[in-house]
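A.B. asks: Quick one: structure below, then a few questions.
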Amino acid sequence: MILNKDNASKVAEFLLQIKAIKLEPTSPFTWASGWKSPIYCDNRKTLSYPNIRTFIRQSYSEIILEKYGKPDVIAGVATGGIAQGALVAQELGVPFIYVRSSAKGHGLGNQIEGDFTEGQNVVVIEDLISTGGSSLKAVEALREAGLNVKGLAAIFSYGFKISQNNFEEANCPYVVLSNYDILMDLALEQGAISKEDLVSLREWKENPSEWSPKEA
């Protein structure tokens, strides 16, 4: 869900500008899942640009307050959501914790790092939503620890149907600063992609596991 379309376009513009998002419709990237992808997204790059980092931090905070109200605590999803989550927690003036992909195999064996109390309201911070699998594992861990997950916020989502279904099944609302459709419109407007590219890029979104690039 997008709450502010003007901000969403600005975030997409920033991501293209600093090459946090790269579009290669004819020479796709290969994800760890084996999927061929015409897009690569690395939102960690935003942290290297103070003006962009500030805009994203403030935008996160605005949509969280609008969608969920002020939470008792912010939880970042390791690893991409840790730095972003800490910045948002600072902006909102609330405690910060983070969630590992699994419990540590040594020491205290924690999966959730930081101090919290059962029953607290928490908003989860992620940097990117693809299928939603890693994000929802973190949500599950927080719920098992007795926290009340109000929802999740992320910088960018590919908008896959599978991710929408996964969040609905988990009964977890989510909002994003920007998404794939807004990015495509902007990339076409700026001449970063052609109309022919756009057709292929939209086909990928509809069926990413089976997509293959068009021959040049």
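For the structure tokens, the naming scheme is as follows: chains receive sequential letters (A, B, ...) according to their order of presentation, residues are indexed from 1 within each chain, and ligands are indexed from 1 in presentation order.
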DSSP says strand (DSSP E or B) for which residues of stretch 114-195 of chain A? Put them as a list in words?

C.D. replies: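 So the strand (DSSP E or B) residues in stretch 114-195 of chain A would be Asn121, Val122, Val123, Val124, Ile125, Glu126, Asp127, Leu128, Ile129, Asn148, Val149, Lys150, Gly151, Leu152, Ala153, Ala154, Ile155, Phe156, Ser157, Tyr174, Val175, Val176, Leu177, Ser178 and Asn179 of chain A.
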
A.B. asks: Would you pick out the contacts of A:Gly119 at 7 Å or less, using only C-alpha atoms, so that residues sharing its chain but fewer than 5 positions from it are not included, and give the list as an MDAnalysis selection string?

C.D. replies: chainID A and resid 146:148

A.B. asks: Just the residues within 12 Å of A:Val199, please, counting only C-alpha atoms, with nothing from its chain fewer than 4 positions along; format it as a list in words.

C.D. replies: Pro25, Pro38, Met184, Asp185, Leu188, Ile193, Ser194, Lys195, Glu203, Trp204, Lys205, Glu206, Trp211, Pro213 and Lys214 of chain A

A.B. asks: For the residues in that selection, give me N, CA, C and O atoms as a JSON list (two decimals), in the first residue's frame.

C.D. replies:
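Dumped to part_36.json:
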```
[["chain", "number", "residue", "atom", "x", "y", "z"],
["A", 25, "PRO", "N", 16.59, -5.18, -18.45],
["A", 25, "PRO", "CA", 15.57, -6.08, -19.01],
["A", 25, "PRO", "C", 16.09, -7.10, -20.02],
["A", 25, "PRO", "O", 15.46, -8.13, -20.22],
["A", 38, "PRO", "N", 14.95, -8.72, -14.05],
["A", 38, "PRO", "CA", 15.43, -7.56, -14.79],
["A", 38, "PRO", "C", 15.74, -6.36, -13.89],
["A", 38, "PRO", "O", 16.10, -5.29, -14.37],
["A", 184, "MET", "N", 8.39, 1.91, -12.56],
["A", 184, "MET", "CA", 8.30, 1.69, -14.01],
["A", 184, "MET", "C", 7.82, 2.95, -14.73],
["A", 184, "MET", "O", 8.36, 3.33, -15.78],
["A", 185, "ASP", "N", 6.80, 3.59, -14.18],
["A", 185, "ASP", "CA", 6.28, 4.82, -14.79],
["A", 185, "ASP", "C", 7.36, 5.89, -14.85],
["A", 185, "ASP", "O", 7.52, 6.58, -15.86],
["A", 188, "LEU", "N", 10.21, 5.01, -17.41],
["A", 188, "LEU", "CA", 9.77, 5.27, -18.78],
["A", 188, "LEU", "C", 9.77, 6.76, -19.07],
["A", 188, "LEU", "O", 10.24, 7.20, -20.13],
["A", 193, "ILE", "N", 14.05, 3.33, -19.65],
["A", 193, "ILE", "CA", 13.58, 2.12, -20.33],
["A", 193, "ILE", "C", 12.71, 2.53, -21.52],
["A", 193, "ILE", "O", 12.19, 3.66, -21.56],
["A", 194, "SER", "N", 12.55, 1.62, -22.48],
["A", 194, "SER", "CA", 11.69, 1.86, -23.63],
["A", 194, "SER", "C", 10.30, 1.27, -23.37],
["A", 194, "SER", "O", 10.10, 0.52, -22.40],
["A", 195, "LYS", "N", 9.36, 1.56, -24.26],
["A", 195, "LYS", "CA", 8.02, 0.98, -24.14],
["A", 195, "LYS", "C", 8.08, -0.54, -24.29],
["A", 195, "LYS", "O", 7.33, -1.27, -23.63],
["A", 203, "GLU", "N", 5.63, -8.10, -17.52],
["A", 203, "GLU", "CA", 5.46, -9.55, -17.59],
["A", 203, "GLU", "C", 6.22, -10.24, -16.46],
["A", 203, "GLU", "O", 5.74, -11.21, -15.87],
["A", 204, "TRP", "N", 7.40, -9.73, -16.16],
["A", 204, "TRP", "CA", 8.20, -10.31, -15.07],
["A", 204, "TRP", "C", 7.46, -10.20, -13.74],
["A", 204, "TRP", "O", 7.40, -11.16, -12.97],
["A", 205, "LYS", "N", 6.88, -9.04, -13.48],
["A", 205, "LYS", "CA", 6.17, -8.85, -12.21],
["A", 205, "LYS", "C", 5.01, -9.84, -12.07],
["A", 205, "LYS", "O", 4.73, -10.33, -10.98],
["A", 206, "GLU", "N", 4.33, -10.13, -13.17],
["A", 206, "GLU", "CA", 3.18, -11.02, -13.13],
["A", 206, "GLU", "C", 3.56, -12.48, -12.95],
["A", 206, "GLU", "O", 2.82, -13.26, -12.36],
["A", 211, "TRP", "N", 9.60, -16.09, -15.90],
["A", 211, "TRP", "CA", 9.97, -15.04, -16.87],
["A", 211, "TRP", "C", 11.34, -15.29, -17.47],
["A", 211, "TRP", "O", 12.26, -15.79, -16.82],
["A", 213, "PRO", "N", 14.06, -13.11, -20.44],
["A", 213, "PRO", "CA", 14.17, -11.86, -21.20],
["A", 213, "PRO", "C", 13.91, -12.06, -22.68],
["A", 213, "PRO", "O", 14.15, -13.14, -23.23],
["A", 214, "LYS", "N", 13.41, -11.02, -23.31],
["A", 214, "LYS", "CA", 13.23, -11.04, -24.74],
["A", 214, "LYS", "C", 14.60, -10.95, -25.41],
["A", 214, "LYS", "O", 15.50, -10.27, -24.90]]
```

A.B. asks: Between atom CA of A:Pro71 and atom CA of A:Asp115, what distance in Å does the model show, to one decimal?

C.D. replies: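 Computed distance, atom CA of A:Pro71 to atom CA of A:Asp115, equals 14.6 Å.
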
A.B. asks: Of the residues A:Val122, A:Leu136, A:Ala78, A:Leu152, which is the one nearest to A:Val176, using only C-alpha atoms?

C.D. replies: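 Checking each candidate against A:Val176, we get A:Leu152 as the closest.
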
A.B. asks: What gap, in Å, lies between atom CA of A:Ala75 and atom CA of A:Pro173?

C.D. replies: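 Going from atom CA of A:Ala75 over to atom CA of A:Pro173 covers 15.0 Å.
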
A.B. asks: Can you check which residues of chain A DSSP gives as helix (DSSP H, G or I) on the backbone and send them as a PyMOL selection string?

C.D. replies: chain A and resi 5-17+43-48+50-68+80-92+133-144+161-169+180-190+195-206

A.B. asks: Mind running stretch 152-192 of chain A against stretch 64-69 of chain A at 9 Å and telling me each contacting residue's nearest atom pair with the distance in Å (one decimal), counting only C-alpha atoms, chain and number ascending, as CSV?

C.D. replies:
```
residue,atom,partner,partner_atom,distance
A:Leu152,CA,A:Ile64,CA,8.5
A:Ala153,CA,A:Ile64,CA,7.1
A:Tyr174,CA,A:Lys67,CA,8.9
A:Val175,CA,A:Lys67,CA,7.9
```

A.B. asks: Need to verify the contact set: A:Glu13, 10 Å, only C-alpha atoms, exclusion of same-chain residues closer than 6 positions in sequence. Can you return it as a PyMOL selection string?

C.D. replies: chain A and resi 7+19+21+178+182-183+186-187+190

A.B. asks: Would you kindly return, as a count of residues only, each protein, DNA or RNA residue with an atom no farther than 12 Å from any atom of A:Ser209, considering only C-alpha atoms and excluding same-chain residues fewer than 3 positions away?

C.D. replies: 15

A.B. asks: Of the candidates A:Ala170, A:Leu23, A:Ile74, A:Met1, which one gets nearest to A:Gln90 if we count only C-alpha atoms?

C.D. replies: A:Ile74

A.B. asks: Choose the residue, out of A:Ile18, A:Val124, A:Ile82, A:Ala138, that has the smallest atom-to-atom separation from A:Asn51; count only C-alpha atoms.

C.D. replies: A:Ile18

A.B. asks: Rounded to one decimal in Å, what is the spacing between atom CA of A:Arg100 and atom CA of A:Glu113?

C.D. replies: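 Calculated distance between atom CA of A:Arg100 and atom CA of A:Glu113 is 7.9 Å.
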
A.B. asks: Near A:Ser157, counting only C-alpha atoms, which residues have an atom at most 7 Å away, once you skip same-chain residues fewer than 5 positions from it, shown as a list in words?

C.D. replies: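 Residues meeting the cut-off are Leu128, Ile129, Ser130, Val176, Ser178, Asn179 and Tyr180 of chain A.
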
A.B. asks: Could you write out that same residue set with C-alpha atoms as a compact mmCIF listing (two decimals), in the first residue's frame?

C.D. replies:
```
# COMPACT_ATOMS: atom_id res chain seq x y z
CA LEU A 128 12.67 -4.48 0.63
CA ILE A 129 9.69 -6.81 0.12
CA SER A 130 9.97 -9.53 -2.51
CA VAL A 176 5.75 0.88 1.47
CA SER A 178 7.50 3.20 -3.16
CA ASN A 179 6.85 0.25 -5.43
CA TYR A 180 7.55 -1.38 -8.76
```

A.B. asks: Which one of A:Ser59, A:Thr117, A:Ser48, A:Ser27 sits closest to A:Asp6 if you count only C-alpha atoms?

C.D. replies: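 Residue with the minimum atom-to-atom distance to A:Asp6: A:Ser59.
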
A.B. asks: Do you know which residues are at most 7 Å from A:Gly114 counting only C-alpha atoms, after dropping those on the same chain fewer than 3 positions away, and could you put them as a list in words?

C.D. replies: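 Within the cut-off, the hits are Phe96, Ile97 and Tyr98 of chain A.
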
A.B. asks: Between A:Lys22, A:Pro208, A:Gly133, A:Gly76, which has the minimum distance to A:Glu169 (counting only C-alpha atoms)?

C.D. replies: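 Among the listed residues, A:Gly133 lies closest to A:Glu169.
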